[in-house]
file coords_5.pdb (PDB, C-alpha atoms)
MODEL        1
ATOM      1  CA  MET D   1      59.530 -30.642   9.488
ATOM      2  CA  THR D   2      63.249 -29.873   9.292
ATOM      3  CA  LEU D   3      65.927 -32.203  10.606
ATOM      4  CA  THR D   4      67.908 -31.052  13.631
ATOM      5  CA  GLN D   5      71.697 -31.273  13.560
ATOM      6  CA  ALA D   6      71.529 -34.270  15.891
ATOM      7  CA  GLU D   7      69.045 -36.038  13.621
ATOM      8  CA  LYS D   8      71.202 -35.374  10.553
ATOM      9  CA  ALA D   9      74.219 -36.816  12.356
ATOM     10  CA  THR D  10      72.194 -39.902  13.325
ATOM     11  CA  VAL D  11      71.052 -40.452   9.745
ATOM     12  CA  VAL D  12      74.598 -40.113   8.401
ATOM     13  CA  THR D  13      76.038 -42.490  10.999
ATOM     14  CA  ILE D  14      73.494 -45.218  10.385
ATOM     15  CA  TRP D  15      73.763 -44.786   6.613
ATOM     16  CA  ALA D  16      77.434 -45.761   6.808
ATOM     17  CA  LYS D  17      76.300 -49.195   8.032
ATOM     18  CA  VAL D  18      73.195 -49.482   5.853
ATOM     19  CA  ALA D  19      75.151 -48.585   2.706
ATOM     20  CA  THR D  20      77.146 -51.814   2.987
ATOM     21  CA  GLN D  21      73.935 -53.766   2.339
ATOM     22  CA  ALA D  22      72.144 -51.103   0.317
ATOM     23  CA  ASP D  23      71.289 -53.277  -2.669
ATOM     24  CA  ALA D  24      69.878 -56.100  -0.549
ATOM     25  CA  ILE D  25      67.932 -53.684   1.627
ATOM     26  CA  GLY D  26      66.538 -51.958  -1.453
ATOM     27  CA  ALA D  27      65.342 -55.230  -2.952
ATOM     28  CA  GLU D  28      63.899 -56.420   0.376
ATOM     29  CA  SER D  29      62.079 -53.112   0.913
ATOM     30  CA  LEU D  30      60.432 -53.340  -2.483
ATOM     31  CA  GLU D  31      59.523 -56.963  -1.845
ATOM     32  CA  ARG D  32      57.883 -55.941   1.442
ATOM     33  CA  LEU D  33      56.106 -53.076  -0.327
ATOM     34  CA  PHE D  34      54.631 -55.206  -3.108
ATOM     35  CA  SER D  35      53.699 -57.972  -0.677
ATOM     36  CA  SER D  36      52.017 -55.849   2.023
ATOM     37  CA  TYR D  37      50.577 -53.241  -0.337
ATOM     38  CA  PRO D  38      49.758 -55.016  -3.609
ATOM     39  CA  GLN D  39      48.233 -51.848  -5.062
ATOM     40  CA  THR D  40      51.791 -50.474  -5.393
ATOM     41  CA  LYS D  41      52.469 -53.057  -8.091
ATOM     42  CA  THR D  42      50.278 -51.002 -10.412
ATOM     43  CA  TYR D  43      53.276 -48.776 -11.040
ATOM     44  CA  PHE D  44      55.367 -51.694 -12.279
ATOM     45  CA  PRO D  45      53.321 -53.623 -14.856
ATOM     46  CA  HIS D  46      56.453 -53.823 -16.998
ATOM     47  CA  PHE D  47      58.542 -55.478 -14.268
ATOM     48  CA  ASP D  48      59.171 -59.052 -13.257
ATOM     49  CA  LEU D  49      58.389 -58.687  -9.565
ATOM     50  CA  SER D  50      59.162 -62.233  -8.495
ATOM     51  CA  GLN D  51      61.475 -62.580  -5.539
ATOM     52  CA  GLY D  52      65.095 -62.119  -6.503
ATOM     53  CA  SER D  53      64.313 -60.823  -9.982
ATOM     54  CA  ALA D  54      67.019 -58.749 -11.615
ATOM     55  CA  GLN D  55      64.615 -55.883 -12.181
ATOM     56  CA  LEU D  56      63.612 -55.854  -8.528
ATOM     57  CA  ARG D  57      67.228 -55.814  -7.438
ATOM     58  CA  GLY D  58      68.114 -53.150  -9.996
ATOM     59  CA  HIS D  59      65.283 -50.901  -8.934
ATOM     60  CA  GLY D  60      66.013 -51.427  -5.243
ATOM     61  CA  SER D  61      69.574 -50.278  -5.896
ATOM     62  CA  LYS D  62      68.322 -47.219  -7.737
ATOM     63  CA  VAL D  63      66.118 -46.245  -4.807
ATOM     64  CA  MET D  64      68.875 -46.753  -2.234
ATOM     65  CA  ASN D  65      71.389 -44.820  -4.362
ATOM     66  CA  ALA D  66      69.007 -41.880  -4.389
ATOM     67  CA  ILE D  67      68.648 -42.122  -0.630
ATOM     68  CA  GLY D  68      72.428 -42.204  -0.392
ATOM     69  CA  GLU D  69      72.592 -38.987  -2.410
ATOM     70  CA  ALA D  70      70.115 -37.385  -0.048
ATOM     71  CA  VAL D  71      72.290 -38.470   2.916
ATOM     72  CA  LYS D  72      75.421 -37.103   1.259
ATOM     73  CA  HIS D  73      73.704 -33.759   0.728
ATOM     74  CA  ILE D  74      71.583 -33.833   3.831
ATOM     75  CA  ASP D  75      71.763 -30.068   4.197
ATOM     76  CA  ASP D  76      70.266 -29.630   0.737
ATOM     77  CA  ILE D  77      68.061 -32.611  -0.045
ATOM     78  CA  ARG D  78      65.964 -30.474  -2.357
ATOM     79  CA  GLY D  79      68.992 -29.614  -4.489
ATOM     80  CA  ALA D  80      70.319 -33.153  -4.484
ATOM     81  CA  LEU D  81      67.010 -34.680  -5.619
ATOM     82  CA  ALA D  82      65.813 -31.880  -7.923
ATOM     83  CA  LYS D  83      65.903 -34.048 -11.060
ATOM     84  CA  LEU D  84      64.178 -36.951  -9.289
ATOM     85  CA  SER D  85      61.549 -34.586  -8.006
ATOM     86  CA  GLU D  86      60.722 -33.525 -11.565
ATOM     87  CA  LEU D  87      60.753 -37.125 -12.758
ATOM     88  CA  HIS D  88      58.198 -38.123 -10.141
ATOM     89  CA  ALA D  89      56.039 -35.051 -10.719
ATOM     90  CA  TYR D  90      55.818 -35.052 -14.503
ATOM     91  CA  ILE D  91      56.627 -38.550 -15.672
ATOM     92  CA  LEU D  92      56.139 -41.149 -12.957
ATOM     93  CA  ARG D  93      53.347 -39.443 -11.010
ATOM     94  CA  VAL D  94      53.402 -41.971  -8.210
ATOM     95  CA  ASP D  95      50.612 -41.022  -5.809
ATOM     96  CA  PRO D  96      52.092 -39.320  -2.720
ATOM     97  CA  VAL D  97      50.561 -41.877  -0.342
ATOM     98  CA  ASN D  98      52.948 -44.514  -1.675
ATOM     99  CA  PHE D  99      56.065 -42.730  -0.423
ATOM    100  CA  LYS D 100      54.898 -43.335   3.147
ATOM    101  CA  LEU D 101      54.347 -47.011   2.360
ATOM    102  CA  LEU D 102      57.835 -47.466   0.871
ATOM    103  CA  SER D 103      59.423 -45.483   3.714
ATOM    104  CA  HIS D 104      57.710 -47.795   6.207
ATOM    105  CA  CYS D 105      59.024 -50.876   4.369
ATOM    106  CA  ILE D 106      62.549 -49.433   4.271
ATOM    107  CA  LEU D 107      62.382 -48.895   8.035
ATOM    108  CA  CYS D 108      61.212 -52.508   8.487
ATOM    109  CA  SER D 109      64.124 -53.818   6.425
ATOM    110  CA  VAL D 110      66.653 -51.681   8.291
ATOM    111  CA  ALA D 111      65.151 -52.652  11.681
ATOM    112  CA  ALA D 112      65.292 -56.328  10.743
ATOM    113  CA  ARG D 113      68.955 -56.129   9.744
ATOM    114  CA  TYR D 114      70.256 -53.763  12.420
ATOM    115  CA  PRO D 115      68.036 -54.322  15.454
ATOM    116  CA  SER D 116      70.515 -53.137  18.054
ATOM    117  CA  ASP D 117      71.303 -49.971  16.093
ATOM    118  CA  PHE D 118      67.674 -49.183  15.444
ATOM    119  CA  THR D 119      67.013 -47.426  18.739
ATOM    120  CA  PRO D 120      63.927 -45.219  19.162
ATOM    121  CA  GLU D 121      66.065 -42.128  18.477
ATOM    122  CA  VAL D 122      67.471 -43.637  15.293
ATOM    123  CA  HIS D 123      63.978 -44.749  14.292
ATOM    124  CA  ALA D 124      62.652 -41.208  14.797
ATOM    125  CA  ALA D 125      65.501 -39.571  12.850
ATOM    126  CA  TRP D 126      65.160 -41.975   9.919
ATOM    127  CA  ASP D 127      61.378 -41.709   9.828
ATOM    128  CA  LYS D 128      61.741 -37.937   9.663
ATOM    129  CA  PHE D 129      64.517 -38.109   7.054
ATOM    130  CA  LEU D 130      62.533 -40.406   4.747
ATOM    131  CA  SER D 131      59.556 -38.126   5.254
ATOM    132  CA  SER D 132      61.720 -35.183   4.102
ATOM    133  CA  VAL D 133      62.869 -37.113   1.066
ATOM    134  CA  SER D 134      59.254 -37.984   0.268
ATOM    135  CA  SER D 135      58.231 -34.328   0.595
ATOM    136  CA  VAL D 136      60.940 -33.241  -1.815
ATOM    137  CA  LEU D 137      59.954 -35.900  -4.337
ATOM    138  CA  THR D 138      56.305 -34.821  -4.292
ATOM    139  CA  GLU D 139      56.624 -31.061  -3.944
ATOM    140  CA  LYS D 140      56.324 -30.334  -7.675
ATOM    141  CA  TYR D 141      53.181 -32.434  -8.128
ATOM    142  CA  ARG D 142      50.944 -29.370  -8.238
TER     143      ARG D 142
ATOM    144  CA  MET P   1      33.720 -60.212   8.305
ATOM    145  CA  VAL P   2      37.410 -60.444   7.503
ATOM    146  CA  HIS P   3      38.636 -63.600   5.844
ATOM    147  CA  TRP P   4      41.903 -65.051   7.119
ATOM    148  CA  SER P   5      43.715 -67.738   5.172
ATOM    149  CA  ALA P   6      45.204 -70.652   7.090
ATOM    150  CA  GLU P   7      48.665 -69.335   6.246
ATOM    151  CA  GLU P   8      47.882 -65.858   7.577
ATOM    152  CA  LYS P   9      46.526 -67.308  10.822
ATOM    153  CA  GLN P  10      49.620 -69.448  11.215
ATOM    154  CA  LEU P  11      51.999 -66.552  10.538
ATOM    155  CA  ILE P  12      50.199 -64.360  13.058
ATOM    156  CA  ALA P  13      50.028 -67.058  15.726
ATOM    157  CA  SER P  14      53.635 -68.148  15.368
ATOM    158  CA  VAL P  15      54.944 -64.591  15.770
ATOM    159  CA  TRP P  16      52.569 -63.845  18.629
ATOM    160  CA  SER P  17      53.592 -66.960  20.551
ATOM    161  CA  LYS P  18      57.104 -65.546  20.837
ATOM    162  CA  VAL P  19      56.154 -61.991  21.769
ATOM    163  CA  ASN P  20      56.879 -60.707  25.269
ATOM    164  CA  VAL P  21      53.703 -58.672  25.580
ATOM    165  CA  ALA P  22      54.889 -56.391  28.389
ATOM    166  CA  GLU P  23      58.219 -55.539  26.738
ATOM    167  CA  CYS P  24      56.896 -55.292  23.216
ATOM    168  CA  GLY P  25      53.900 -53.216  24.266
ATOM    169  CA  ALA P  26      56.051 -50.822  26.267
ATOM    170  CA  GLU P  27      58.500 -50.460  23.394
ATOM    171  CA  ALA P  28      55.792 -49.888  20.796
ATOM    172  CA  LEU P  29      54.038 -47.193  22.811
ATOM    173  CA  ALA P  30      57.334 -45.490  23.696
ATOM    174  CA  ARG P  31      58.367 -45.422  20.037
ATOM    175  CA  LEU P  32      54.986 -43.983  19.048
ATOM    176  CA  LEU P  33      55.471 -41.118  21.493
ATOM    177  CA  ILE P  34      59.095 -40.586  20.410
ATOM    178  CA  VAL P  35      58.768 -40.910  16.626
ATOM    179  CA  TYR P  36      55.452 -39.025  16.417
ATOM    180  CA  PRO P  37      55.635 -36.619  19.361
ATOM    181  CA  TRP P  38      52.247 -35.083  18.641
ATOM    182  CA  THR P  39      50.682 -38.356  19.823
ATOM    183  CA  GLN P  40      51.688 -37.325  23.331
ATOM    184  CA  ARG P  41      48.655 -35.080  23.352
ATOM    185  CA  VAL P  42      46.424 -37.811  24.774
ATOM    186  CA  PHE P  43      48.898 -38.684  27.511
ATOM    187  CA  ALA P  44      49.122 -35.360  29.349
ATOM    188  CA  SER P  45      48.632 -37.156  32.674
ATOM    189  CA  PHE P  46      51.573 -39.505  32.167
ATOM    190  CA  GLY P  47      54.201 -37.226  33.696
ATOM    191  CA  ASN P  48      57.670 -36.847  32.236
ATOM    192  CA  LEU P  49      57.686 -37.307  28.448
ATOM    193  CA  SER P  50      60.380 -34.708  27.843
ATOM    194  CA  SER P  51      62.975 -36.930  26.136
ATOM    195  CA  PRO P  52      63.301 -40.393  24.574
ATOM    196  CA  THR P  53      65.044 -41.590  27.753
ATOM    197  CA  ALA P  54      62.262 -40.194  29.926
ATOM    198  CA  ILE P  55      59.599 -41.771  27.733
ATOM    199  CA  ILE P  56      61.270 -45.192  27.628
ATOM    200  CA  GLY P  57      61.704 -45.213  31.408
ATOM    201  CA  ASN P  58      58.294 -43.778  32.222
ATOM    202  CA  PRO P  59      56.404 -46.408  34.258
ATOM    203  CA  LYS P  60      52.993 -45.177  33.071
ATOM    204  CA  VAL P  61      54.094 -45.543  29.455
ATOM    205  CA  ARG P  62      55.348 -49.062  30.133
ATOM    206  CA  ALA P  63      52.164 -50.048  31.947
ATOM    207  CA  HIS P  64      49.929 -48.593  29.299
ATOM    208  CA  GLY P  65      51.930 -50.181  26.504
ATOM    209  CA  LYS P  66      51.456 -53.552  28.160
ATOM    210  CA  LYS P  67      47.715 -52.886  28.530
ATOM    211  CA  VAL P  68      47.348 -51.941  24.868
ATOM    212  CA  LEU P  69      49.255 -54.954  23.569
ATOM    213  CA  THR P  70      47.427 -57.314  25.928
ATOM    214  CA  SER P  71      44.198 -56.023  24.417
ATOM    215  CA  PHE P  72      45.709 -56.534  20.977
ATOM    216  CA  GLY P  73      46.285 -60.143  22.015
ATOM    217  CA  GLU P  74      42.530 -60.569  22.350
ATOM    218  CA  ALA P  75      42.196 -59.772  18.660
ATOM    219  CA  VAL P  76      44.938 -62.302  17.852
ATOM    220  CA  LYS P  77      43.031 -64.959  19.821
ATOM    221  CA  ASN P  78      39.743 -64.078  18.130
ATOM    222  CA  LEU P  79      40.699 -63.307  14.546
ATOM    223  CA  ASP P  80      37.290 -64.314  13.249
ATOM    224  CA  ASN P  81      35.484 -62.090  15.727
ATOM    225  CA  ILE P  82      37.479 -58.934  16.211
ATOM    226  CA  LYS P  83      34.452 -56.635  16.030
ATOM    227  CA  VAL P  84      32.729 -58.511  18.848
ATOM    228  CA  THR P  85      35.944 -58.771  20.871
ATOM    229  CA  TYR P  86      36.300 -54.996  20.741
ATOM    230  CA  ALA P  87      32.625 -54.194  21.384
ATOM    231  CA  LYS P  88      33.238 -51.460  23.963
ATOM    232  CA  LEU P  89      36.601 -50.081  22.914
ATOM    233  CA  PRO P  90      35.466 -47.931  19.971
ATOM    234  CA  GLU P  91      33.137 -45.842  22.147
ATOM    235  CA  LEU P  92      35.791 -45.541  24.812
ATOM    236  CA  HIS P  93      38.366 -44.198  22.349
ATOM    237  CA  CYS P  94      35.923 -41.812  20.692
ATOM    238  CA  GLU P  95      33.770 -40.491  23.511
ATOM    239  CA  LYS P  96      35.993 -40.709  26.575
ATOM    240  CA  LEU P  97      39.551 -40.633  25.291
ATOM    241  CA  HIS P  98      39.071 -38.482  22.145
ATOM    242  CA  VAL P  99      41.817 -40.271  20.269
ATOM    243  CA  ASP P 100      42.201 -39.491  16.542
ATOM    244  CA  PRO P 101      41.875 -42.873  14.782
ATOM    245  CA  GLU P 102      44.973 -42.020  12.776
ATOM    246  CA  ASN P 103      46.852 -42.893  15.973
ATOM    247  CA  PHE P 104      45.690 -46.514  15.683
ATOM    248  CA  ARG P 105      47.250 -46.695  12.228
ATOM    249  CA  LEU P 106      50.476 -45.127  13.461
ATOM    250  CA  LEU P 107      50.722 -47.485  16.434
ATOM    251  CA  GLY P 108      50.005 -50.472  14.200
ATOM    252  CA  ASP P 109      52.903 -49.567  11.908
ATOM    253  CA  ILE P 110      55.190 -48.955  14.879
ATOM    254  CA  LEU P 111      54.283 -52.395  16.224
ATOM    255  CA  ILE P 112      55.242 -53.912  12.865
ATOM    256  CA  ILE P 113      58.628 -52.184  13.019
ATOM    257  CA  VAL P 114      59.178 -53.424  16.590
ATOM    258  CA  LEU P 115      58.348 -56.970  15.447
ATOM    259  CA  ALA P 116      60.762 -56.592  12.520
ATOM    260  CA  SER P 117      63.542 -55.526  14.866
ATOM    261  CA  HIS P 118      62.858 -58.424  17.280
ATOM    262  CA  PHE P 119      62.373 -61.199  14.730
ATOM    263  CA  ALA P 120      64.789 -59.913  12.057
ATOM    264  CA  ARG P 121      64.950 -62.237   9.044
ATOM    265  CA  ASP P 122      62.124 -64.365  10.499
ATOM    266  CA  PHE P 123      59.800 -61.412  10.007
ATOM    267  CA  THR P 124      59.529 -62.161   6.313
ATOM    268  CA  PRO P 125      57.537 -60.119   3.793
ATOM    269  CA  ALA P 126      54.793 -62.767   4.058
ATOM    270  CA  CYS P 127      54.775 -62.341   7.826
ATOM    271  CA  GLN P 128      54.590 -58.576   7.449
ATOM    272  CA  PHE P 129      51.657 -58.923   5.056
ATOM    273  CA  ALA P 130      49.626 -60.933   7.585
ATOM    274  CA  TRP P 131      50.461 -58.532  10.384
ATOM    275  CA  GLN P 132      49.744 -55.408   8.306
ATOM    276  CA  LYS P 133      46.351 -56.930   7.603
ATOM    277  CA  LEU P 134      45.819 -57.570  11.321
ATOM    278  CA  VAL P 135      46.809 -54.082  12.491
ATOM    279  CA  GLY P 136      44.610 -52.638   9.768
ATOM    280  CA  VAL P 137      41.629 -54.699  10.900
ATOM    281  CA  VAL P 138      42.213 -53.750  14.546
ATOM    282  CA  ALA P 139      42.534 -50.048  13.674
ATOM    283  CA  HIS P 140      39.343 -50.244  11.629
ATOM    284  CA  ALA P 141      37.474 -52.043  14.416
ATOM    285  CA  LEU P 142      38.451 -49.345  16.904
ATOM    286  CA  ALA P 143      37.499 -46.514  14.579
ATOM    287  CA  ARG P 144      34.179 -47.775  13.311
ATOM    288  CA  LYS P 145      31.934 -46.180  15.938
ATOM    289  CA  TYR P 146      33.369 -42.702  15.729
ATOM    290  CA  HIS P 147      30.801 -39.989  15.305
TER     291      HIS P 147
ENDMDL
END
call {"tool": "encode", "arguments": {"input": "coords_5.pdb", "output": "structure tokens"}}
result
Amino acid sequence: MTLTQAEKATVVTIWAKVATQADAIGAESLERLFSSYPQTKTYFPHFDLSQGSAQLRGHGSKVMNAIGEAVKHIDDIRGALAKLSELHAYILRVDPVNFKLLSHCILCSVAARYPSDFTPEVHAAWDKFLSSVSSVLTEKYR
Amino acid sequence: MVHWSAEEKQLIASVWSKVNVAECGAEALARLLIVYPWTQRVFASFGNLSSPTAIIGNPKVRAHGKKVLTSFGEAVKNLDNIKVTYAKLPELHCEKLHVDPENFRLLGDILIIVLASHFARDFTPACQFAWQKLVGVVAHALARKYH
């Protein structure tokens, strides 16, 4: 599923707004993930996952920075996330199903903070974009 | 039988009490058809679904969205008895409508996103947890008689 030019433009435009609250959105998305899908906590036994924890905020920022990189290089997401793709395939080995769960929580956080911007078209473009990112991150798994 | 804590029931009820069922239902169904276009396959008789604008304005989509969410409301009112509440719907979706149960999961998640956009910061992670549980239970109840 490749992004159309219009979808890429939509993603880039919305990112400009989202980036201003990237850290908060990252932390909130993870909080939603661990709360709605407790099984995802199994990947973070070494973390303090309480609300507002420094590790949660730090990791949320990491995730959003990576998404920002993908936006910046939206014509070559595979190239931009090559190292992360290897990390997830060989070291982290997060089960692919979890990328959908985190993507869903990111969409919830963005929708909650930018309701008037989050039109159906924007929703569709971002769902597809996060799906692309997820594909890239899992494509070296086997 | 699903167990609901008092907190979960309260979170579900308090959100539901503020939902405009017609608007929310229409929006959720429209977004399903826009974000996951392959779901349009079961709505061939609905007329013009050629663009997001067409889908959002389509009166059949709006009416059906309202119908679906009204039915969802029955589950909200009968949390302890969802299976009984939805006695006939599983057969309908399997034998008459031929809907892939995956669509129930997709619509459930879309509904959550619509709620997040309407209730913003009030749709807390705890709220989302209760509602994810509810949409999961509803999807499961609808899918359980498939054969």
call {"tool": "closest_residue", "arguments": {"input": "coords_5.pdb", "among": "P:Ile113, P:Ala130, P:Leu29, P:Leu142", "to": "Asn58 in chain P", "atoms": "only C-alpha atoms"}}
result
P:Leu29
call {"tool": "closest_atom_pairs", "arguments": {"input": "coords_5.pdb", "of": "chain D", "to": "chain P", "cutoff": "12 Å", "atoms": "all atoms listed in the file", "output": "CSV"}}
result
residue,atom,partner,partner_atom,distance
D:Met1,CA,P:Tyr36,CA,11.6
D:Glu7,CA,P:Val35,CA,11.8
D:Ile25,CA,P:Arg121,CA,11.7
D:Ala27,CA,P:Pro125,CA,11.4
D:Glu28,CA,P:Pro125,CA,8.1
D:Ser29,CA,P:Pro125,CA,8.8
D:Leu30,CA,P:Pro125,CA,9.7
D:Glu31,CA,P:Pro125,CA,6.8
D:Arg32,CA,P:Pro125,CA,4.8
D:Leu33,CA,P:Pro125,CA,8.3
D:Phe34,CA,P:Pro125,CA,9.0
D:Ser35,CA,P:Phe129,CA,6.2
D:Ser36,CA,P:Phe129,CA,4.3
D:Tyr37,CA,P:Phe129,CA,7.9
D:Pro38,CA,P:Phe129,CA,9.7
D:Gln51,CA,P:Pro125,CA,10.4
D:Lys100,CA,P:Asp109,CA,10.9
D:Leu101,CA,P:Asp109,CA,10.0
D:Ser103,CA,P:Asp109,CA,11.2
D:His104,CA,P:Asp109,CA,7.7
D:Cys105,CA,P:Ile113,CA,8.8
D:Ile106,CA,P:Ile113,CA,10.0
D:Leu107,CA,P:Ile113,CA,7.1
D:Cys108,CA,P:Ile113,CA,5.2
D:Ser109,CA,P:Ala116,CA,7.5
D:Val110,CA,P:Ser117,CA,8.2
D:Ala111,CA,P:Ser117,CA,4.6
D:Ala112,CA,P:Ala120,CA,3.9
D:Arg113,CA,P:Ala120,CA,6.1
D:Tyr114,CA,P:Ser117,CA,7.4
D:Pro115,CA,P:Ser117,CA,4.7
D:Ser116,CA,P:Ser117,CA,8.0
D:Asp117,CA,P:Ser117,CA,9.6
D:Phe118,CA,P:Ser117,CA,7.6
D:Thr119,CA,P:Arg31,CA,9.0
D:Pro120,CA,P:Arg31,CA,5.6
D:Glu121,CA,P:Pro52,CA,6.9
D:Val122,CA,P:Val35,CA,9.2
D:His123,CA,P:Val35,CA,6.9
D:Ala124,CA,P:Val35,CA,4.3
D:Ala125,CA,P:Val35,CA,7.8
D:Trp126,CA,P:Val35,CA,9.3
D:Asp127,CA,P:Val35,CA,7.3
D:Lys128,CA,P:Val35,CA,8.1
D:Phe129,CA,P:Val35,CA,11.5
D:Ser131,CA,P:Val35,CA,11.7
call {"tool": "closest_residue", "arguments": {"input": "coords_5.pdb", "among": "P:Arg41, P:Leu79, P:Tyr146, P:Leu107", "to": "His93 in chain P", "atoms": "all atoms listed in the file"}}
result
P:Tyr146
call {"tool": "atom_distance", "arguments": {"input": "coords_5.pdb", "atom1": "CA of Asn103 in chain P", "atom2": "CA of Ala139 in chain P"}}
result
8.7 Å
call {"tool": "atom_distance", "arguments": {"input": "coords_5.pdb", "atom1": "CA of Tyr141 in chain D", "atom2": "CA of Ala89 in chain D"}}
result
4.7 Å
call {"tool": "resolve_selection", "arguments": {"input": "coords_5.pdb", "expression": "the PyMOL selection byres ((chain P and resi 20) around 12)", "output": "list in words"}}
result
Val15, Trp16, Ser17, Lys18, Val19, Val21, Ala22, Glu23, Cys24, Gly25, Ala26, Glu27, Ala28, Gly65, Lys66, Leu69, Thr70, Gly73, Val114, Leu115, His118 and Phe119 of chain P
call {"tool": "atom_distance", "arguments": {"input": "coords_5.pdb", "atom1": "CA of Leu102 in chain D", "atom2": "CA of Val138 in chain P"}}
result
21.7 Å
call {"tool": "residues_around", "arguments": {"input": "coords_5.pdb", "residues": "His73 in chain D", "least_positions_apart": "5", "cutoff": "12 Å", "atoms": "only C-alpha atoms", "output": "PyMOL selection string"}}
result
chain D and resi 8+11-12+66-68+78-82+129+133
call {"tool": "residues_around", "arguments": {"input": "coords_5.pdb", "residues": "Leu89 in chain P", "least_positions_apart": "3", "cutoff": "12 Å", "atoms": "all atoms listed in the file", "output": "PyMOL selection string"}}
result
chain P and resi 68+71-72+75+82-86+92-99+138-146
call {"tool": "axis_aligned_box", "arguments": {"input": "coords_5.pdb", "around": "range 89-102 of chain P", "padding_each_side": "4 Å", "output": "JSON"}}
result
{"center_x": 39.1, "center_y": -44.3, "center_z": 19.7, "size_x": 19.8, "size_y": 19.6, "size_z": 21.8}
call {"tool": "closest_residue", "arguments": {"input": "coords_5.pdb", "among": "P:Asn81, P:Ser5, P:Gly47, P:Thr39", "to": "Pro59 in chain P", "atoms": "only C-alpha atoms"}}
result
P:Gly47
call {"tool": "closest_residue", "arguments": {"input": "coords_5.pdb", "among": "D:Thr2, D:Leu130, D:Ser50, D:Ala22", "to": "Phe99 in chain D", "atoms": "all atoms listed in the file"}}
result
D:Leu130
